[in-house]
Each structure stands twice: as C-alpha cells, then as structure tokens.
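Asks: For reference, the structure I am asking about is given below.
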Amino acid sequence: MISEAAAIAEQTRLRQQIITTDQLPDPIQFIAGTDVEYDKESDLIAGCIAVMDYKTLEVVEIATHVMHVTFPYIPGLFSFRELPPLLVAWEKLQQKPDLLVCDGQGMAHPRRFGMASHLGVTIGKPTIGCGKTRLYGNHTELDIRKGSSVPLLAEDDNAVIGKVLRTQEGINPVFVSVGHMISLETATNIVLSLAKQYRLPETTRIADHYGRLALEEYKRNNMTH
C-alpha cells in the first residue's frame with residue numbers, strides 16, 4: 001500500500017497536469033456521474049459511473065465495482081480510497097462519456113487535487129468536482145436565489161479554487177471546482193443545468209442510487225449471516 005507521504009507527493013506531482021480550460025467536444029453527447037458508496041458495517045466500497053445522454057439525461061449505461069477499501073481514512077487523501085473502484089468501473093464501460101461530474105472536490109482541496117482532478121488526470125477526460133460540503137476554502141455570504149454563486153478562495157493565498165453555487169432557492173449550496181480539462185465557468189454552468197429539481201445534479205443522484213444498489217447486491221451474494 002502507498003504511504004501517506006507518497007500519496008501526498010503523488011498529488012503534488014499530478015497536480016501539474018491539470019488543465020483548467022475547456023477541452024470539451026461540441027456538442028457534448030454523453031455525461032456521467034460518479035459516486036462512491038461506503039458500507040457502514042464493513043470495509044466494502046462501491047464505485048459507480050452512470051453514463052447519461054447529455055440532452056435528455058436518459059441513463060445510457062451503468063458500471064459499478066465493489067471491493068474492499070485499500071487505503072486508510074485520511075482527510076485530503078480520499079481519492080486514494082475512492083479511485084480504485086471507479087477505475088475498474090471505468091474499464092467496464094462500453095460507452096465512455098465526454099465529461100464526468102464527480103461527487104467530491106476537484107481543485108477545491110488543500111493541495112488543489114481532490115478526487116475529481118485525480119480521476120480526470122488518470123483517465124484523461126474532462127471532470128467536474130461537485131461537493132456537497134466544503135472541504136477547504138473561504139467564501140462570502142451567498143444570495144438565496146437559484147443560480148447565484150460566489151468564488152471559493154484558498155485559505156493560504158486567496159486564489160479562486162471553486163464556486164459556491166446555489167442550485168435551488170433557499171437550499172444549501174454545492175461546491176463546484178475544476179477537475180480537469182474544463183474551465184470553472186463552464187463547470188458551474190453545467191452543474192446548474194443538471195440540478196433540475198433538486199440540490200444535487202441529476203448525474204450525482206443517479207450514480208448514488210446505482211452505487212447503493214450495487215453494494216446491497218454484493219452483500220446479498222457474498223456475505224454469509
């Protein structure tokens with residue numbers, strides 16, 4: 001297993017490869033949500049990638065992988081826990097998406113290299129980080145209206161590392177950041193367009209649903225009571 005120091009060195013090295021400009025096909029045909037589910041009773045983890053039609057948000061393909069966690073719980077290094085099942089799920093996909101929206105941070109991370117960036121750089125695809133909670137960074141008060149946003153600023157040098165985005169009126173915001181091969185502005189607009197009725201983008205909701213199902217099915221078939 002990779003050590004904590006080696007993992008941090010890896011983040012620092014790979015961070016240099018992040019592209020923060022739009023490298024998206026025009027038009028985007030397929031978008032995917034990624035999610036990782038943890039089992040509360042064991043060390044099982046399920047990675048899910050849900051590929052959807054970008055225009056209709058119809059589900060095109062679901063790929064999942066359930067495995068035992070291979071890296072300890074260390075804040076700032078979640079991607080080393082969450083990447084392995086997602087990479088196996090990625091290999092299973094017949095229809096690779098043009099863009100992935102990750103349930104987690106991209107550059108809105110103490111070392112500017114969260115899970116969305118790690119995944120994007122590893123597979124060479126555009127990725128967006130869309131976190132439910134703030135991992136790192138400061139921001140000013142946010143308007144309650146849907147679509148309002150303020151910059152998320154790094155705690156060390158005040159660089160813009162993401163956007164705090166209100167996806168539904170009066171509901172807690174989400175934290176959007178560049179993963180790889182996309183600009184912050186485009187990432188923010190896409191997340192907002194995907195949050196049709198709920199706080200979270202549809203991509204995250206669908207991936208979360210199928211990830212949970214995969215975990216339950218795996219436990220039913222492999223765990224003896």
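Residues in the structure tokens are numbered from 1 in each chain, the chains being A, B, ... in the order shown, and ligands are numbered from 1 in the order shown.
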Please identify all polymer residues within 9 Å of Val60 in chain A, counting only C-alpha atoms, omitting same-chain residues fewer than 3 positions from it, and present them as a PyMOL selection string.

Replies: chain A and resi 30+50-53+57+95

Asks: Show me, as a ChimeraX atom specification, the residues that have an atom within 12 Å of Val88 in chain A when counting only C-alpha atoms, minus same-chain residues fewer than 6 positions from it.

Replies: /A:46-49,63-67,82,119,123

Asks: Of the residues A:Ala116, A:Ile182, A:Ala6, A:Val59, which is the one nearest to Cys102 in chain A, using only C-alpha atoms?

Replies: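 Between A:Ala116, A:Ile182, A:Ala6, A:Val59, the residue approaching Cys102 in chain A most closely is A:Ala116.
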
Asks: Would you kindly return, as a list in words, each protein, DNA or RNA residue with an atom no farther than 12 Å from any atom of Val69 in chain A, considering only C-alpha atoms and excluding same-chain residues fewer than 3 positions away?

Replies: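 My list of contacting residues is Met1, Val36, Glu37, Tyr38, Asp39, Ser42, Asp43, Leu44, Ile45, Ala46, Gly47, His65, Val66, Pro72, Tyr73, Phe78, Ser79, Phe80, Arg81, Glu82, Leu83, Pro84 and Pro85 of chain A.
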
Asks: Using only C-alpha atoms, pick whichever of A:Ala108, A:Leu194, A:Asn172, A:Gln94 has the shortest atom-to-atom distance to Lys55 in chain A.

Replies: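 So, comparing all the options, the nearest one is A:Leu194.
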
Asks: So, with only C-alpha atoms as the atoms that count, which of A:Tyr54, A:Tyr218, A:Tyr210, A:Tyr198 lies closest to Val101 in chain A?

Replies: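 Of A:Tyr54, A:Tyr218, A:Tyr210, A:Tyr198, the one nearest Val101 in chain A, counting only C-alpha atoms, is A:Tyr54.
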
Asks: Excluding Phe175 in chain A and any residue of its chain fewer than 3 positions from it, enumerate the residues within 12 Å of it, using only C-alpha atoms, and give them as a PyMOL selection string.

Replies: chain A and resi 102-109+128-139+149-153+161-167+172+178+184+187-188+191-192+199-201

Asks: Can you measure CA of Ser177 in chain A to CA of Glu91 in chain A for me? One decimal in Å is fine.

Replies: 24.9 Å

Asks: Considering only C-alpha atoms, state which residue in the set A:Gly179, A:Pro110, A:Gly124, A:Lys96 is at the smallest distance from Asp157 in chain A.

Replies: A:Pro110

Asks: Env of Arg15 in chain A: 8 Å cut, atoms = only C-alpha atoms, seq-sep filter 3 positions within chain, self excluded. Answer as a list in words.

Replies: Gln11, Thr12, Ile18, Arg112, Phe113 and Ser117 of chain A

Asks: Go through range 77-131 of chain A and flag each residue having an atom no more than 10 Å from range 21-25 of chain A; for those, report the closest pair of atoms plus their distance in Å to one decimal, using only C-alpha atoms, ordered by chain and rising number, as JSON lines.

Replies:
{"residue": "A:Asp98", "atom": "CA", "partner": "A:Pro25", "partner_atom": "CA", "distance": 7.0}
{"residue": "A:Leu99", "atom": "CA", "partner": "A:Leu24", "partner_atom": "CA", "distance": 7.5}
{"residue": "A:Lys125", "atom": "CA", "partner": "A:Gln23", "partner_atom": "CA", "distance": 8.8}
{"residue": "A:Pro126", "atom": "CA", "partner": "A:Leu24", "partner_atom": "CA", "distance": 6.9}
{"residue": "A:Thr127", "atom": "CA", "partner": "A:Leu24", "partner_atom": "CA", "distance": 10.0}

Asks: Could you pull out all residues of range 34-213 of chain A with a DSSP call of alpha helix (DSSP H) and give them as a PyMOL selection string?

Replies: chain A and resi 79-92+115-123+184-194+202-213

Asks: Hey, which of A:Asp156, A:Asn221, A:Arg145, A:Gly33 ends up closest to Thr204 in chain A? Count only C-alpha atoms.

Replies: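 The shortest atom-to-atom distance to Thr204 in chain A comes from A:Gly33.
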
Asks: Ranking A:Asp35, A:Glu58, A:Asp26, A:Glu10 by minimum distance to Asp208 in chain A and counting only C-alpha atoms, which one comes first?

Replies: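 Closest to Asp208 in chain A, using only C-alpha atoms: A:Asp35.
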
Asks: So that I can check the secondary structure, give me every residue of range 88-203 of chain A assigned strand (DSSP E) by backbone DSSP, as a ChimeraX atom specification.

Replies: /A:99-102,127-131,149-153,160-165,174-180

Asks: Quick one: write out the picked residues with N, CA and C atoms as a tab-separated table (two decimals), in the first residue's frame?

Replies:
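Once everything was written out, this is out-v6.tsv:
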chain	number	residue	atom	x	y	z
A	99	LEU	N	-17.68	13.77	-20.49
A	99	LEU	CA	-17.46	14.59	-19.30
A	99	LEU	C	-18.01	13.84	-18.08
A	100	LEU	N	-17.30	13.92	-16.96
A	100	LEU	CA	-17.77	13.27	-15.74
A	100	LEU	C	-17.94	14.30	-14.63
A	101	VAL	N	-19.07	14.20	-13.93
A	101	VAL	CA	-19.33	15.06	-12.77
A	101	VAL	C	-19.14	14.19	-11.53
A	102	CYS	N	-18.15	14.54	-10.71
A	102	CYS	CA	-17.80	13.70	-9.56
A	102	CYS	C	-18.43	14.23	-8.28
A	127	THR	N	-13.40	16.47	-16.20
A	127	THR	CA	-14.13	16.16	-14.97
A	127	THR	C	-14.46	17.45	-14.22
A	128	ILE	N	-15.59	17.39	-13.50
A	128	ILE	CA	-16.04	18.49	-12.64
A	128	ILE	C	-16.14	17.96	-11.21
A	129	GLY	N	-15.66	18.72	-10.25
A	129	GLY	CA	-15.88	18.38	-8.85
A	129	GLY	C	-17.13	19.09	-8.37
A	130	CYS	N	-18.05	18.34	-7.78
A	130	CYS	CA	-19.26	18.95	-7.21
A	130	CYS	C	-19.49	18.34	-5.84
A	131	GLY	N	-19.00	19.03	-4.81
A	131	GLY	CA	-19.07	18.51	-3.45
A	131	GLY	C	-20.31	19.00	-2.71
A	149	SER	N	-23.94	32.58	-7.22
A	149	SER	CA	-22.68	31.93	-6.84
A	149	SER	C	-21.68	32.97	-6.36
A	150	VAL	N	-20.75	32.53	-5.53
A	150	VAL	CA	-19.63	33.37	-5.11
A	150	VAL	C	-18.36	32.53	-5.23
A	151	PRO	N	-17.20	33.18	-5.41
A	151	PRO	CA	-15.95	32.43	-5.52
A	151	PRO	C	-15.59	31.74	-4.20
A	152	LEU	N	-15.01	30.57	-4.32
A	152	LEU	CA	-14.41	29.87	-3.17
A	152	LEU	C	-12.92	30.16	-3.24
A	153	LEU	N	-12.38	30.72	-2.16
A	153	LEU	CA	-10.98	31.18	-2.17
A	153	LEU	C	-10.11	30.30	-1.29
A	160	VAL	N	-8.72	31.75	-6.46
A	160	VAL	CA	-10.05	31.17	-6.69
A	160	VAL	C	-9.88	29.68	-7.00
A	161	ILE	N	-10.46	28.84	-6.13
A	161	ILE	CA	-10.31	27.39	-6.33
A	161	ILE	C	-11.65	26.72	-6.64
A	162	GLY	N	-12.73	27.52	-6.67
A	162	GLY	CA	-14.02	26.92	-6.98
A	162	GLY	C	-15.11	27.96	-6.88
A	163	LYS	N	-16.35	27.48	-6.98
A	163	LYS	CA	-17.53	28.34	-6.83
A	163	LYS	C	-18.48	27.71	-5.83
A	164	VAL	N	-19.07	28.57	-5.02
A	164	VAL	CA	-20.15	28.13	-4.13
A	164	VAL	C	-21.43	28.46	-4.90
A	165	LEU	N	-22.19	27.44	-5.25
A	165	LEU	CA	-23.31	27.60	-6.18
A	165	LEU	C	-24.64	27.20	-5.54
A	174	VAL	N	-23.90	23.95	-3.33
A	174	VAL	CA	-22.90	22.92	-3.60
A	174	VAL	C	-21.59	23.62	-3.90
A	175	PHE	N	-20.50	22.87	-3.89
A	175	PHE	CA	-19.16	23.43	-4.08
A	175	PHE	C	-18.59	22.87	-5.38
A	176	VAL	N	-18.53	23.73	-6.37
A	176	VAL	CA	-18.10	23.32	-7.72
A	176	VAL	C	-16.65	23.70	-7.92
A	177	SER	N	-15.87	22.80	-8.49
A	177	SER	CA	-14.50	23.15	-8.84
A	177	SER	C	-14.06	22.40	-10.09
A	178	VAL	N	-13.01	22.91	-10.69
A	178	VAL	CA	-12.42	22.27	-11.86
A	178	VAL	C	-11.83	20.93	-11.44
A	179	GLY	N	-12.14	19.90	-12.18
A	179	GLY	CA	-11.46	18.63	-12.00
A	179	GLY	C	-10.28	18.60	-12.96
A	180	HIS	N	-10.61	18.60	-14.28
A	180	HIS	CA	-9.59	18.53	-15.32
A	180	HIS	C	-10.24	18.86	-16.66
